[in-house]
Amino acid sequence: MVHWTAEEKQLITSVWAKLSVEECGAEALARLLIVYPWTQRFFASFGNLSSPTAILGNPMVRAHGKKVLTSFGDAIKNLDNLKGTYSKLSELHCDKLHVDPENFRLLGDILVIVLAAHLTKDFTPACQATWQKLVGVVAHALAHKYH
Amino acid sequence: MVLSAADKSNVKAAFAKIGGQAEEYGAEALERMFTTYPQTKTYFPHFDLGKGSAQVKGHGKKVAAALVEAVNHIDDIAGALSKLSDLHAQKLRVDPVNFKLLGQCFLVVVASRNPGALTPEVHASLDKFLCAVGTVLTAKYR
């Protein structure tokens with residue numbers, strides 16, 4: 001089980017309170033598809049992904065980004081039971097979606113960069129360390145049920 | 001992975017915006033790396049890694065200078081960093097996984113200090129550039 005210090009929990013909740021889940025989620029997913037274009041392989045049904053502009057403006061990308069980051073909110077409410085929280089989603093990503101867990105790590109890194117851009121100087125090294133840890137454990141939890 | 005003309009242009013423009021602050025960016029990237037990925041400190045047992053360390057600042061300056069050199073010779077990064085590549089292969093032998101970690105931290109510094117400069121297109125180009133630098137520095141490992 002992952003141990004979170006009081007400081008880490010505070011850094012997680014204080015950053016979360018400053019976020020627009022819809023904006024940051026949309027931006028993180030769009031950047032994933034732009035920076036690591038091979039990740040587009042999972043989104044063939046999303047329509048026009050032919051350019052960064054198309055990706056950024058794509059309403060399905062925006063909606064899905066919001067969905068993904070909203071699920072992070074569940075993680076934050078259940079920091080002491082991430083594997084349980086993500087158990088069903090993990091099975092889904094393995095059995096139905098067939099997503100290589102490396103993609104969760106890529107998205108996590110992108111999310112950290114999006115947070116840095118939004119929070120600027122408030123995104124201290126301690127903040128980054130905590131959030132890199134969080135995205136890492138979320139990625140691990142999402143991969144946990146893979147077989 | 002190849003840098004397109006657009007990538008090269010994006011990277012040059014980003015570094016032009018960073019300008020004289022490159023040294024600070026280098027130092028902050030290192031500081032973030034040591035905080036976020038404590039295992040990277042194992043390569044610096046001889047350093048004071050405390051906050052504001054002069055040694056970290058000095059090393060950040062070296063890292064930044066190497067990146068700037070790579071940008072200035074972006075058509076031949078391998079040539080520009082050949083000596084550094086030898087150094088990493090023969091003496092430093094930093095595990096290749098760590099270049100990605102430093103790259104991530106450098107992007108975070110750019111994002112936090114200059115978010116307007118890090119459009120998705122520039123983000124993609126910079127990420128590719130930093131990967132290319134890491135590849136060059138580890139190219140002679142075996």
# chains A, B, ... in the order shown; residues from 1 in each chain; ligands from 1
>>> select_by_dssp(residues="chain B", states="helix (DSSP H, G or I)", output="MDAnalysis selection string")
chainID B and resid 5:36 38:43 54:72 77:80 82:92 97:113 115:117 120:138
>>> closest_atom_pairs(of="chain A", to="chain B", cutoff="10 Å", atoms="only C-alpha atoms", output="JSON lines")
{"residue": "A:Glu27", "atom": "CA", "partner": "B:Pro120", "partner_atom": "CA", "distance": 8.9}
{"residue": "A:Ala28", "atom": "CA", "partner": "B:Pro120", "partner_atom": "CA", "distance": 9.7}
{"residue": "A:Ala30", "atom": "CA", "partner": "B:Pro120", "partner_atom": "CA", "distance": 8.2}
{"residue": "A:Arg31", "atom": "CA", "partner": "B:Pro120", "partner_atom": "CA", "distance": 5.8}
{"residue": "A:Leu32", "atom": "CA", "partner": "B:Pro120", "partner_atom": "CA", "distance": 9.1}
{"residue": "A:Leu33", "atom": "CA", "partner": "B:Pro120", "partner_atom": "CA", "distance": 9.7}
{"residue": "A:Ile34", "atom": "CA", "partner": "B:Ala124", "partner_atom": "CA", "distance": 6.7}
{"residue": "A:Val35", "atom": "CA", "partner": "B:Ala124", "partner_atom": "CA", "distance": 4.2}
{"residue": "A:Tyr36", "atom": "CA", "partner": "B:Ala124", "partner_atom": "CA", "distance": 7.5}
{"residue": "A:Pro37", "atom": "CA", "partner": "B:Ala124", "partner_atom": "CA", "distance": 9.4}
{"residue": "A:Ser51", "atom": "CA", "partner": "B:Glu121", "partner_atom": "CA", "distance": 9.7}
{"residue": "A:Pro52", "atom": "CA", "partner": "B:Glu121", "partner_atom": "CA", "distance": 6.9}
{"residue": "A:Thr53", "atom": "CA", "partner": "B:Pro120", "partner_atom": "CA", "distance": 9.4}
{"residue": "A:Leu56", "atom": "CA", "partner": "B:Pro120", "partner_atom": "CA", "distance": 8.9}
{"residue": "A:Asp109", "atom": "CA", "partner": "B:Gln104", "partner_atom": "CA", "distance": 7.3}
{"residue": "A:Ile110", "atom": "CA", "partner": "B:Gln104", "partner_atom": "CA", "distance": 8.9}
{"residue": "A:Val112", "atom": "CA", "partner": "B:Val108", "partner_atom": "CA", "distance": 7.4}
{"residue": "A:Ile113", "atom": "CA", "partner": "B:Val108", "partner_atom": "CA", "distance": 5.2}
{"residue": "A:Val114", "atom": "CA", "partner": "B:Ala111", "partner_atom": "CA", "distance": 7.4}
{"residue": "A:Leu115", "atom": "CA", "partner": "B:Ser112", "partner_atom": "CA", "distance": 8.3}
{"residue": "A:Ala116", "atom": "CA", "partner": "B:Ser112", "partner_atom": "CA", "distance": 4.7}
{"residue": "A:Ala117", "atom": "CA", "partner": "B:Ala111", "partner_atom": "CA", "distance": 4.5}
{"residue": "A:His118", "atom": "CA", "partner": "B:Ser112", "partner_atom": "CA", "distance": 7.5}
{"residue": "A:Leu119", "atom": "CA", "partner": "B:Ser112", "partner_atom": "CA", "distance": 6.8}
{"residue": "A:Thr120", "atom": "CA", "partner": "B:Ser112", "partner_atom": "CA", "distance": 3.8}
{"residue": "A:Lys121", "atom": "CA", "partner": "B:Ser112", "partner_atom": "CA", "distance": 5.9}
{"residue": "A:Asp122", "atom": "CA", "partner": "B:Ser112", "partner_atom": "CA", "distance": 8.3}
{"residue": "A:Phe123", "atom": "CA", "partner": "B:Ser112", "partner_atom": "CA", "distance": 6.9}
{"residue": "A:Thr124", "atom": "CA", "partner": "B:Arg32", "partner_atom": "CA", "distance": 8.4}
{"residue": "A:Pro125", "atom": "CA", "partner": "B:Arg32", "partner_atom": "CA", "distance": 5.0}
{"residue": "A:Ala126", "atom": "CA", "partner": "B:Thr35", "partner_atom": "CA", "distance": 6.8}
{"residue": "A:Cys127", "atom": "CA", "partner": "B:Thr36", "partner_atom": "CA", "distance": 9.0}
{"residue": "A:Gln128", "atom": "CA", "partner": "B:Thr36", "partner_atom": "CA", "distance": 6.6}
{"residue": "A:Ala129", "atom": "CA", "partner": "B:Thr36", "partner_atom": "CA", "distance": 4.0}
{"residue": "A:Thr130", "atom": "CA", "partner": "B:Thr36", "partner_atom": "CA", "distance": 7.5}
{"residue": "A:Trp131", "atom": "CA", "partner": "B:Thr36", "partner_atom": "CA", "distance": 9.0}
{"residue": "A:Gln132", "atom": "CA", "partner": "B:Thr36", "partner_atom": "CA", "distance": 7.0}
{"residue": "A:Lys133", "atom": "CA", "partner": "B:Thr36", "partner_atom": "CA", "distance": 7.9}
>>> residues_around(residues="Lys145 (chain A)", least_positions_apart="4", cutoff="7 Å", atoms="only C-alpha atoms", output="PyMOL selection string")
chain A and resi 87+90-91
>>> write_last_selection(atoms="N, CA and C atoms", output="compact mmCIF listing (two decimals), in the first residue's frame")
# COMPACT_ATOMS: atom_id res chain seq x y z
N SER A 87 -9.91 -0.99 -9.91
CA SER A 87 -9.95 -2.40 -10.28
C SER A 87 -10.75 -2.65 -11.57
N SER A 90 -9.19 -1.03 -14.58
CA SER A 90 -8.01 -1.77 -14.99
C SER A 90 -8.40 -2.94 -15.89
N GLU A 91 -9.42 -3.66 -15.45
CA GLU A 91 -9.89 -4.79 -16.28
C GLU A 91 -10.37 -4.31 -17.64
>>> residues_around(residues="Thr13 (chain A)", least_positions_apart="4", cutoff="8 Å", atoms="only C-alpha atoms", output="tab-separated table (two decimals) with N, CA and C atoms, in the first residue's frame")
chain	number	residue	atom	x	y	z
A	9	LYS	N	-0.61	14.83	0.92
A	9	LYS	CA	-2.08	14.91	0.78
A	9	LYS	C	-2.51	16.36	0.59
A	17	ALA	N	-7.90	21.57	-6.08
A	17	ALA	CA	-8.89	22.63	-5.89
A	17	ALA	C	-8.71	23.77	-6.88
A	76	ILE	N	-8.19	10.69	-5.85
A	76	ILE	CA	-7.80	11.62	-4.79
A	76	ILE	C	-8.68	11.41	-3.55
>>> residues_around(residues="Tyr146 (chain A)", least_positions_apart="6", cutoff="10 Å", atoms="only C-alpha atoms", output="list of chain:residue names")
A:Ser87, A:Ser90, A:Glu91, A:Leu92, A:His93, A:Cys94, A:Asp95, A:His98, A:Val99, A:Asp100, A:Pro101
>>> closest_residue(among="B:Ala65, B:Ala27, B:Ala132, B:Ile74", to="Ser9 (chain B)", atoms="only C-alpha atoms")
B:Ile74
